[in-house]
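Report on the structure given below.
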Amino acid sequence: MIYFTIASVIALIIVSVLLYLHVQNKKSMTKQIRDIIEFEQTNYKVQDLVPLKTYSELNFEINRLLENITNDRIQFNKKTKAYQEEVLNISHDLRTPLTSMKGFMDIIESKYRNGEDISEYLAIVDNKIEVLNNLVETFYEISQIESDDYLIEPEFLNLNELISDTMLAFYGDFEMKKLDVEMNLSDALPDLYLDRKLVLRVITNIIQNILKYGKTHCGVKTISAENAIQLVFINDISEDLALNEDLEKIFNRSYTADSSRTKGSLGLGLVIVKKLVELQNGRISPQLEDNIFRITIEFKK
């Protein structure tokens with residue numbers, strides 16, 4: 001009887017201690033979670049006051065949730081910063097032609113009053129209006145591409161024919177720019193299931209980029225790899241431009257390597273190129289070596 005009483009007392013003490021530890025753990029965890037919520041310290045970890053299996057498992061899940069929240073917050077802050085930079089750069093891009101137009105309109109007004117010829121200044125203003133219109137259209141197109149309902153209409157197409165026809169269409173521009181052109185198109189190239197309009201836009205944008213920044217020569221080639229088709233564009237660029245280019249950022253629309261997109265930047269056209277390639281499950285990568293700029297596009301067979 002005495003042994004039974006002692007055992008009961010011991011059991012009661014153990015239960016009381018466990019209950020006390022559970023209560024203290026609950027209070028400690030509750031306080032930690034409140035502090036984390038109040039001070040937004042989601043990088044903190046909830047700690048066990050006393051290591052009990054039940055609470056350890058709960059703490060693990062809570063800390064995993066806090067880690068996800070922290071990662072989401074980091075990504076949100078990065079996107080917010082990128083958005084702010086984007087707004088600043090877009091504002092700069094739009095402000096530049098607007099400022100020029102305002103200045104030349106003042107000149108036109110002054111010249112007109114004195115009866116002088118203003119046709120030259122009107123032509124400059126018209127050019128700036130075209131630049132501004134192109135910028136607005138480009139930003140609008142990028143926003144369309146990024147929307148979830150952007151329509152893709154794939155078909156089987158011959159990439160070599162599309163490249164040849166497009167390059168031929170720019171023959172006069174290459175001649176005017178005095179760029180030597182080399183084409184090396186693989187004979188063993190299967191038809192690809194892609195959107196003709198989007199691929200044409202990709203090729204056109206890259207050619208326009210070459211015409212804008214190419215120095216003396218350029219080239220295009222197609223390669224039939226094991227599971228993919230590679231489309232490679234190559235052109236030389238000036239040493240000053242090569243020194244300014246940051247290959248990790250040239251497909252970022254908020255990127256400017258200099259104070260103006262007309263200097264030291266490969267332009268918004270490449271932003272659209274990257275998005276259109278990725279829309280068709282393709283990959284694009286840039287390379288710059290010895291003032292030779294290379295863009296490689298890869299589509300799955």
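In the structure tokens, the first chain shown is A, the next is B, and so on; residue numbers restart at 1 for each chain, and ligands run from 1 in the order shown.
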
Note to self: Could you pull out the alpha helix (DSSP H) residues of region 130-272 of chain A, going by DSSP on the backbone, and write them as an NGL selection string?
What the structure shows: :A and (130-146 or 159-169 or 171-177 or 196-213 or 239-244 or 269-272)

Margin query: Env of region 203-217 of chain A: 10 Å cut, atoms = only C-alpha atoms, seq-sep filter 4 positions within chain, self excluded. Answer as an MDAnalysis selection string.
Written below: chainID A and resid 162:163 166:167 169:170 173:174 176:182 198:199 231 233:239 241 262:273 291:293 295

Next item on the list: Please give the complete set of residues from region 85-238 of chain A that DSSP, run on the backbone, assigns to strand (DSSP E or B), formatted as JSON, numbers by chain.
Entry: {"A": [155, 156, 157, 180, 181, 182, 183, 184, 192, 193, 194, 217, 218, 219, 220, 221, 222, 223, 224, 228, 229, 230, 231, 232, 233, 234, 235, 236]}

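With only C-alpha atoms as the atoms that count, the minimum distance from Leu279 (chain A) to the choices A:Leu159, A:Cys218, A:Leu151, A:Glu175 is reached by A:Leu151.
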
Write out as a PDB file with N, CA, C and O atoms, in the first residue's frame which residues come within 10 Å of Ile108 (chain A) when counting only C-alpha atoms, dropping same-chain ones fewer than 3 positions away.
ATOM      1  N   LYS A 102      10.996  70.416 -76.455  1.00  0.00           N
ATOM      2  CA  LYS A 102      10.662  71.711 -75.857  1.00  0.00           C
ATOM      3  C   LYS A 102      11.696  72.761 -76.247  1.00  0.00           C
ATOM      4  O   LYS A 102      11.348  73.900 -76.618  1.00  0.00           O
ATOM      5  N   GLY A 103      12.984  72.368 -76.192  1.00  0.00           N
ATOM      6  CA  GLY A 103      14.038  73.310 -76.554  1.00  0.00           C
ATOM      7  C   GLY A 103      13.950  73.760 -78.002  1.00  0.00           C
ATOM      8  O   GLY A 103      14.061  74.958 -78.312  1.00  0.00           O
ATOM      9  N   PHE A 104      13.731  72.808 -78.900  1.00  0.00           N
ATOM     10  CA  PHE A 104      13.666  73.146 -80.317  1.00  0.00           C
ATOM     11  C   PHE A 104      12.375  73.908 -80.658  1.00  0.00           C
ATOM     12  O   PHE A 104      12.362  74.725 -81.579  1.00  0.00           O
ATOM     13  N   MET A 105      11.307  73.646 -79.932  1.00  0.00           N
ATOM     14  CA  MET A 105      10.083  74.422 -80.153  1.00  0.00           C
ATOM     15  C   MET A 105      10.294  75.890 -79.780  1.00  0.00           C
ATOM     16  O   MET A 105       9.773  76.799 -80.439  1.00  0.00           O
ATOM     17  N   LYS A 111      12.719  81.721 -84.237  1.00  0.00           N
ATOM     18  CA  LYS A 111      13.080  81.855 -85.654  1.00  0.00           C
ATOM     19  C   LYS A 111      11.868  82.296 -86.493  1.00  0.00           C
ATOM     20  O   LYS A 111      11.994  83.092 -87.423  1.00  0.00           O
ATOM     21  N   TYR A 112      10.691  81.752 -86.125  1.00  0.00           N
ATOM     22  CA  TYR A 112       9.486  82.071 -86.890  1.00  0.00           C
ATOM     23  C   TYR A 112       9.145  83.563 -86.775  1.00  0.00           C
ATOM     24  O   TYR A 112       8.730  84.198 -87.743  1.00  0.00           O
ATOM     25  N   ARG A 113       9.339  84.088 -85.585  1.00  0.00           N
ATOM     26  CA  ARG A 113       9.060  85.513 -85.373  1.00  0.00           C
ATOM     27  C   ARG A 113       9.959  86.391 -86.238  1.00  0.00           C
ATOM     28  O   ARG A 113       9.558  87.464 -86.694  1.00  0.00           O
ATOM     29  N   ASN A 114      11.199  85.917 -86.453  1.00  0.00           N
ATOM     30  CA  ASN A 114      12.153  86.698 -87.246  1.00  0.00           C
ATOM     31  C   ASN A 114      12.082  86.368 -88.732  1.00  0.00           C
ATOM     32  O   ASN A 114      12.904  86.851 -89.521  1.00  0.00           O
ATOM     33  N   GLU A 116      12.743  83.533 -90.217  1.00  0.00           N
ATOM     34  CA  GLU A 116      13.825  82.656 -90.691  1.00  0.00           C
ATOM     35  C   GLU A 116      13.276  81.284 -91.048  1.00  0.00           C
ATOM     36  O   GLU A 116      12.166  80.897 -90.665  1.00  0.00           O
ATOM     37  N   ASP A 117      14.095  80.516 -91.775  1.00  0.00           N
ATOM     38  CA  ASP A 117      13.709  79.159 -92.197  1.00  0.00           C
ATOM     39  C   ASP A 117      13.706  78.232 -90.972  1.00  0.00           C
ATOM     40  O   ASP A 117      14.710  78.113 -90.267  1.00  0.00           O
ATOM     41  N   ILE A 118      12.595  77.584 -90.713  1.00  0.00           N
ATOM     42  CA  ILE A 118      12.486  76.716 -89.529  1.00  0.00           C
ATOM     43  C   ILE A 118      12.321  75.249 -89.908  1.00  0.00           C
ATOM     44  O   ILE A 118      12.082  74.401 -89.046  1.00  0.00           O
ATOM     45  N   SER A 119      12.439  74.911 -91.188  1.00  0.00           N
ATOM     46  CA  SER A 119      12.201  73.537 -91.646  1.00  0.00           C
ATOM     47  C   SER A 119      13.171  72.549 -90.989  1.00  0.00           C
ATOM     48  O   SER A 119      12.791  71.426 -90.657  1.00  0.00           O
ATOM     49  N   GLU A 120      14.440  72.970 -90.812  1.00  0.00           N
ATOM     50  CA  GLU A 120      15.435  72.080 -90.205  1.00  0.00           C
ATOM     51  C   GLU A 120      15.045  71.714 -88.775  1.00  0.00           C
ATOM     52  O   GLU A 120      15.137  70.556 -88.361  1.00  0.00           O
ATOM     53  N   TYR A 121      14.566  72.704 -88.045  1.00  0.00           N
ATOM     54  CA  TYR A 121      14.197  72.464 -86.645  1.00  0.00           C
ATOM     55  C   TYR A 121      12.912  71.656 -86.544  1.00  0.00           C
ATOM     56  O   TYR A 121      12.745  70.833 -85.630  1.00  0.00           O
ATOM     57  N   LEU A 122      11.997  71.873 -87.480  1.00  0.00           N
ATOM     58  CA  LEU A 122      10.774  71.056 -87.502  1.00  0.00           C
ATOM     59  C   LEU A 122      11.094  69.592 -87.762  1.00  0.00           C
ATOM     60  O   LEU A 122      10.471  68.693 -87.194  1.00  0.00           O
ATOM     61  N   VAL A 125      12.385  68.100 -84.505  1.00  0.00           N
ATOM     62  CA  VAL A 125      11.270  67.846 -83.590  1.00  0.00           C
ATOM     63  C   VAL A 125      10.487  66.616 -84.032  1.00  0.00           C
ATOM     64  O   VAL A 125      10.095  65.775 -83.203  1.00  0.00           O
TER      65      VAL A 125
END

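If you measure from each of A:Asp148, A:Lys45, A:Leu168, A:Val136 to Glu61 (chain A) using only C-alpha atoms, the closest one turns out to be A:Lys45.
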
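Taking CA of Ile69 (chain A) as the reference point, CA of Gln47 (chain A) is found at 17.5 Å.
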
Note to self: Under the rule that only C-alpha atoms are counted, which of A:Gln287, A:Asn160, A:Asn184, A:Asn63 is the nearest residue to Tyr44 (chain A)?
What the structure shows: A:Asn63
